[in-house]
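Encoded as structure tokens, the structure appears first; notes follow it.
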Amino acid sequence: MAQESRGGGRRPLMQMAAIAVVASALGVALGLLIEWFPSQASTQASTIDTLYNVLIITSVPIFVLVTAVIGFCVWRFRVRPGEEDEDGPPIHGNTRLEIVWTAVPAIMLVALCTYAFLALQDIEEAQADEQRIQVIAQQYAWSFEYPNPMGGDPIRSEELYLVEDEPVLFDITALDVIHSFWVPAFRMKRDAVPGLTTQLRVTPNRLGTYPVVCAELCGLGHAFMRQNANVLTRQDFDAWMAEQVKAAGGGGAPAGEEEGGEAAAPESAG
Ligand SMILES: [Cu+2]
């Protein structure tokens with residue numbers, strides 16, 4: 001009896017639907033307005049940010065719908081004074097409702113997973129002429145190794161230098177514990193694991209200096225395991241590299257330099 005006087009009628013349902021629509025719109029607008037990430041500095045970044053936006057647009061209304069139904073039921077069907085001993089009607093399920101609430105999330109999940117998989121394929125796709133850079137993690141610093149253009153020992157750097165619009169393939173490893181190589185402005189991140197070489201592709205597309213962060217708790221100094229990634233023009237990068245080559249072998253050769261002295265003649269490069 002009591003149920004009919006309360007649950008019946010379409011008006012409360014319409015009210016609930018109206019509130020849910022308004023709350024969803026506000027939630028989605030807020031979710032899209034918030035700047036979740038730093039500036040985009042790689043071709044991968046916009047693909048990832050779009051994926052996040054799509055996830056916000058699809059998940060906020062579902063969250064709002066579920067909380068609206070729960071809130072509505074708690075408010076509408078609460079026990080009133082004098083009803084403590086009453087019981088609701090026995091209900092044996094609702095096939096149509098159950099099919100709908102199984103099928104809709106299943107379709108959404110498959111669609112979103114497919115989209116995310118395609119986005120992942122896209123951002124991890126191998127590019128022509130990738131520059132290979134070694135990333136070495138240890139407590140609590142990153143170091144980066146570049147092939148020496150003059151041959152010989154690789155060029156080592158404590159800052160990461162990259163060329164704008166030129167794709168890079170990082171070979172990542174760790175000397176002690178697990179770390180995680182992350183440049184938030186590039187969005188891409190990969191674990192650095194002792195004994196393994198993991199790989200990561202990025203094409204930086206914006207000049208500037210961006211933090212390199214360790215994203216895996218690796219010990220007491222973890223929070224300070226931060227360095228810089230510098231995205232330079234090709235010209236500036238070449239100038240930096242020439243300096244490194246000179247410092248590494250141009251003047252007084254470091255101990256253990258056996259390969260012929262003739263190789264160290266940067267002048268001949270034309
Ligand atoms: Cu670390």
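Each chain of the structure tokens is named A, B, ... in the order shown, its residues numbered from 1; ligands are numbered from 1 in display order.
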Report as a list in words all protein, DNA and RNA residues lying within 8 Å of Glu166 in chain A, evaluated on only C-alpha atoms, omitting residues in the same chain fewer than 2 positions from it.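 Skipping anything fewer than 2 positions along the chain leaves Glu130, Gln131, Leu162, Val163, Glu164, Val168, Thr203, Pro204 and Asn205 of chain A.
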For ligand 1, list the contacting residues at 7 Å or closer, counting only C-alpha atoms and all ligand atoms, as an mmCIF file with N, CA and C atoms, in the first residue's frame.
data_model
loop_
_atom_site.group_PDB
_atom_site.id
_atom_site.type_symbol
_atom_site.label_atom_id
_atom_site.label_comp_id
_atom_site.auth_asym_id
_atom_site.auth_seq_id
_atom_site.Cartn_x
_atom_site.Cartn_y
_atom_site.Cartn_z
ATOM 1 N N ALA A 137 68.813 4.295 -15.081
ATOM 2 C CA ALA A 137 68.296 4.775 -13.802
ATOM 3 C C ALA A 137 69.086 4.149 -12.674
ATOM 4 N N GLN A 138 69.357 4.952 -11.658
ATOM 5 C CA GLN A 138 69.927 4.405 -10.442
ATOM 6 C C GLN A 138 69.539 5.324 -9.297
ATOM 7 N N GLN A 139 69.663 4.817 -8.077
ATOM 8 C CA GLN A 139 69.328 5.646 -6.918
ATOM 9 C C GLN A 139 70.353 6.772 -6.819
ATOM 10 N N TYR A 140 70.067 8.015 -6.961
ATOM 11 C CA TYR A 140 68.809 8.620 -7.320
ATOM 12 C C TYR A 140 69.036 9.599 -8.455
ATOM 13 N N ILE A 178 63.863 -0.971 -9.169
ATOM 14 C CA ILE A 178 62.945 -0.562 -10.235
ATOM 15 C C ILE A 178 62.657 0.939 -10.119
ATOM 16 N N HIS A 179 62.801 1.639 -11.229
ATOM 17 C CA HIS A 179 62.438 3.052 -11.338
ATOM 18 C C HIS A 179 61.416 3.168 -12.469
ATOM 19 N N SER A 180 60.947 4.373 -12.707
ATOM 20 C CA SER A 180 60.040 4.553 -13.833
ATOM 21 C C SER A 180 60.334 5.881 -14.512
ATOM 22 N N CYS A 214 61.074 10.407 -11.756
ATOM 23 C CA CYS A 214 60.980 8.980 -11.457
ATOM 24 C C CYS A 214 59.597 8.734 -10.876
ATOM 25 N N ALA A 215 58.866 7.795 -11.476
ATOM 26 C CA ALA A 215 57.477 7.578 -11.070
ATOM 27 C C ALA A 215 57.291 6.246 -10.345
ATOM 28 N N GLU A 216 58.389 5.719 -9.791
ATOM 29 C CA GLU A 216 58.267 4.460 -9.049
ATOM 30 C C GLU A 216 59.062 4.647 -7.761
ATOM 31 N N LEU A 217 58.383 4.532 -6.628
ATOM 32 C CA LEU A 217 59.071 4.733 -5.349
ATOM 33 C C LEU A 217 60.302 3.830 -5.289
ATOM 34 N N CYS A 218 61.501 4.455 -5.211
ATOM 35 C CA CYS A 218 62.721 3.666 -5.368
ATOM 36 C C CYS A 218 63.666 3.840 -4.190
ATOM 37 N N HIS A 222 63.852 9.172 -3.690
ATOM 38 C CA HIS A 222 62.957 9.088 -4.853
ATOM 39 C C HIS A 222 62.417 10.450 -5.290
ATOM 40 N N MET A 225 64.631 12.544 -7.474
ATOM 41 C CA MET A 225 65.134 11.956 -8.707
ATOM 42 C C MET A 225 64.494 12.662 -9.903
#
Tell me which of A:Arg226, A:Arg234, A:Arg96, A:Lys189 sits closest to Leu207 in chain A, counting only C-alpha atoms.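 Between A:Arg226, A:Arg234, A:Arg96, A:Lys189, the residue approaching Leu207 in chain A most closely is A:Arg234.
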Contacts of Phe63 in chain A at 10 Å (only C-alpha atoms; same-chain gap of 4+ positions) as a PyMOL selection string: chain A and resi 20+24+27+58-59+67-68
Work out how far CA of Asp122 in chain A is from CA of Tyr146 in chain A, in Å to one decimal.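 Separating CA of Tyr146 in chain A from CA of Asp122 in chain A is a distance of 25.8 Å.
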Hey, which of A:Ala192, A:Ile155, A:Leu169, A:Val22 ends up closest to Ala128 in chain A? Count only C-alpha atoms.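 Using only C-alpha atoms, the shortest distance to Ala128 in chain A belongs to A:Leu169.
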Please report, as a PyMOL selection string, each residue of range 58-265 of chain A to which DSSP assigns strand (DSSP E) when run on this structure's backbone. chain A and resi 131-138+141-146+155-157+160-163+168-174+179-182+189-192+198-202+208-214+226-232
Compile the contact shell of Ser157 in chain A as a PDB file with C-alpha atoms, in the first residue's frame: residues with an atom at most 10 Å away, counting only C-alpha atoms, same-chain residues fewer than 3 positions apart removed.
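Everything below was put into around-v7.pdb:
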ATOM      1  CA  VAL A 135      68.277   5.813 -20.274  1.00  0.00           C
ATOM      2  CA  TRP A 142      69.044   9.470 -14.399  1.00  0.00           C
ATOM      3  CA  SER A 143      71.797   9.357 -16.954  1.00  0.00           C
ATOM      4  CA  PHE A 144      71.471   9.376 -20.709  1.00  0.00           C
ATOM      5  CA  GLU A 145      73.808   7.915 -23.307  1.00  0.00           C
ATOM      6  CA  TYR A 146      74.003   8.896 -26.950  1.00  0.00           C
ATOM      7  CA  PRO A 154      78.980   6.836 -25.953  1.00  0.00           C
ATOM      8  CA  LEU A 160      68.255  14.792 -21.568  1.00  0.00           C
ATOM      9  CA  TYR A 161      68.659  16.618 -24.878  1.00  0.00           C
ATOM     10  CA  GLN A 244      80.200  16.843 -25.735  1.00  0.00           C
TER      11      GLN A 244
END
Work out how far apart CA of Glu125 in chain A and CA of Trp36 in chain A are and give it in Å to one decimal.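 These atoms are spaced 25.1 Å apart.
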